[in-house]
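Everything below concerns the one structure shown next.
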Amino acid sequence: MSEVYEARRTRLRDRCAAAGSESALVSRPANVRYLAGGAPPGAVLLLGPPGGDHDLLMCPQDPFGEPRPGGRPAEGLRIAVLPA
């Protein structure tokens with residue numbers, strides 16, 4: 001299932017590149033969930049340039065800790081837990 005989310009992020013990245021942007025910040029929970037597979041409360045997704053492992057899900061809490069609303073993010077996505 002991770003490849004579905006990766007394909008979605010690739011399509012968005014290609015559209016951003018066509019518009020002249022190398023990155024995108026996705027903050028609406030529904031859009032984060034669509035692109036990352038899970039959207040812990042307060043999470044944002046930063047899409048980097050094509051190629052490499054530049055996508056980053058930033059969360060205020062560990063998304064792999066206790067079960068939380070929003071689900072778990074897809075495997076292979078870099079995650080940064082921000083300090084409170």
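Residue numbering restarts at 1 for every chain of the structure tokens, chains are lettered A, B, ... in their displayed order, and ligands are numbered from 1 as they appear.
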
Skip Gly76 of chain A itself and residues of its chain fewer than 3 positions away, then list as an mmCIF file with N, CA, C and O atoms, in the first residue's frame all residues within 10 Å of it, counting only C-alpha atoms.
```
data_model
loop_
_atom_site.group_PDB
_atom_site.id
_atom_site.type_symbol
_atom_site.label_atom_id
_atom_site.label_comp_id
_atom_site.auth_asym_id
_atom_site.auth_seq_id
_atom_site.Cartn_x
_atom_site.Cartn_y
_atom_site.Cartn_z
ATOM 1 N N SER A 2 2.100 1.169 0.494
ATOM 2 C CA SER A 2 2.986 2.332 0.526
ATOM 3 C C SER A 2 3.230 2.900 -0.869
ATOM 4 O O SER A 2 3.401 4.105 -1.024
ATOM 5 N N GLU A 3 3.250 2.015 -1.873
ATOM 6 C CA GLU A 3 3.504 2.485 -3.230
ATOM 7 C C GLU A 3 2.374 3.370 -3.745
ATOM 8 O O GLU A 3 2.600 4.242 -4.584
ATOM 9 N N GLU A 6 3.236 6.771 -2.354
ATOM 10 C CA GLU A 6 4.421 7.268 -3.069
ATOM 11 C C GLU A 6 4.031 7.774 -4.453
ATOM 12 O O GLU A 6 4.505 8.819 -4.905
ATOM 13 N N ALA A 36 0.246 10.668 2.669
ATOM 14 C CA ALA A 36 1.166 9.977 3.572
ATOM 15 C C ALA A 36 0.589 8.709 4.182
ATOM 16 O O ALA A 36 1.321 7.953 4.816
ATOM 17 N N ASP A 53 15.327 10.851 -1.241
ATOM 18 C CA ASP A 53 14.372 10.649 -0.152
ATOM 19 C C ASP A 53 14.162 11.983 0.559
ATOM 20 O O ASP A 53 14.676 12.212 1.640
ATOM 21 N N ASP A 55 11.012 13.603 1.079
ATOM 22 C CA ASP A 55 9.707 13.843 1.697
ATOM 23 C C ASP A 55 9.823 13.664 3.209
ATOM 24 O O ASP A 55 10.478 12.743 3.694
ATOM 25 N N PRO A 73 1.385 6.645 9.386
ATOM 26 C CA PRO A 73 1.911 7.013 8.063
ATOM 27 C C PRO A 73 2.453 5.800 7.307
ATOM 28 O O PRO A 73 2.752 4.760 7.899
ATOM 29 N N ILE A 79 10.178 10.701 9.032
ATOM 30 C CA ILE A 79 9.325 11.319 10.030
ATOM 31 C C ILE A 79 10.183 12.088 11.015
ATOM 32 O O ILE A 79 11.226 11.603 11.460
#
```

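Omitting Tyr34 of chain A and its sequence neighbours fewer than 3 positions away, and counting only C-alpha atoms, the residues within 12 Å are Met1, Ser2, Val4, Tyr5, Glu6, Ala7, Arg8, Arg9, Leu12, Val26, Ser27, Arg28, Pro29, Ala30, Asn31, Gly37, Gly38, Ala39, Val44, Leu45, Gly70, Gly71, Arg72, Pro73 and Ala74 of chain A.
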
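Backbone DSSP assigns alpha helix (DSSP H) in chain A to A:Ser2, A:Glu3, A:Val4, A:Tyr5, A:Glu6, A:Ala7, A:Arg8, A:Arg9, A:Thr10, A:Arg11, A:Leu12, A:Arg13, A:Asp14, A:Arg15, A:Cys16, A:Ala17, A:Ala18, A:Pro29, A:Ala30, A:Asn31, A:Val32, A:Arg33, A:Tyr34, A:Leu35, A:Ala36.
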
Might you pull out every residue within 12 Å of Pro83 of chain A, with only C-alpha atoms counted and same-chain residues fewer than 3 positions away left off, and present them as a PDB file with N, CA, C and O atoms, in the first residue's frame?
```pdb
ATOM      1  N   MET A  58       6.236  15.873   9.390  1.00  0.00           N
ATOM      2  CA  MET A  58       6.584  16.481  10.673  1.00  0.00           C
ATOM      3  C   MET A  58       5.368  16.410  11.586  1.00  0.00           C
ATOM      4  O   MET A  58       4.275  16.834  11.206  1.00  0.00           O
ATOM      5  N   CYS A  59       5.574  15.863  12.786  1.00  0.00           N
ATOM      6  CA  CYS A  59       4.480  15.632  13.728  1.00  0.00           C
ATOM      7  C   CYS A  59       4.853  16.175  15.107  1.00  0.00           C
ATOM      8  O   CYS A  59       6.015  16.098  15.501  1.00  0.00           O
ATOM      9  N   PRO A  60       3.868  16.664  15.871  1.00  0.00           N
ATOM     10  CA  PRO A  60       4.158  17.090  17.236  1.00  0.00           C
ATOM     11  C   PRO A  60       4.254  15.913  18.204  1.00  0.00           C
ATOM     12  O   PRO A  60       4.739  16.068  19.316  1.00  0.00           O
ATOM     13  N   GLN A  61       3.773  14.715  17.795  1.00  0.00           N
ATOM     14  CA  GLN A  61       3.819  13.518  18.630  1.00  0.00           C
ATOM     15  C   GLN A  61       4.274  12.340  17.787  1.00  0.00           C
ATOM     16  O   GLN A  61       4.101  12.341  16.573  1.00  0.00           O
ATOM     17  N   ASP A  62       4.824  11.332  18.440  1.00  0.00           N
ATOM     18  CA  ASP A  62       5.280  10.133  17.735  1.00  0.00           C
ATOM     19  C   ASP A  62       4.083   9.402  17.113  1.00  0.00           C
ATOM     20  O   ASP A  62       3.203   8.947  17.837  1.00  0.00           O
ATOM     21  N   ALA A  80       9.758  13.302  11.339  1.00  0.00           N
ATOM     22  CA  ALA A  80      10.427  14.107  12.353  1.00  0.00           C
ATOM     23  C   ALA A  80       9.397  14.465  13.409  1.00  0.00           C
ATOM     24  O   ALA A  80       8.349  15.018  13.102  1.00  0.00           O
TER      25      ALA A  80
END
```

**Prompt:** Which residues in chain A does DSSP call strand (DSSP E)? List them as a ChimeraX atom specification.
**Reply:** /A:24-26,44-47,56-59,78-81

**Message:** Restricting the calculation to only C-alpha atoms: of A:Ala24, A:Thr10, A:Ala84, A:Arg78, which residue gets closest to Gly51 of chain A?
**Reply:** A:Thr10

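The spacing separating atom CA of Arg33 of chain A from atom CA of Arg11 of chain A amounts to 15.3 Å.
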
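Note that the spacing between atom CA of Ala43 of chain A and atom CA of Leu56 of chain A amounts to 10.3 Å.
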
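You will find atom CA of Leu47 of chain A at 8.4 Å from atom CA of Glu22 of chain A.
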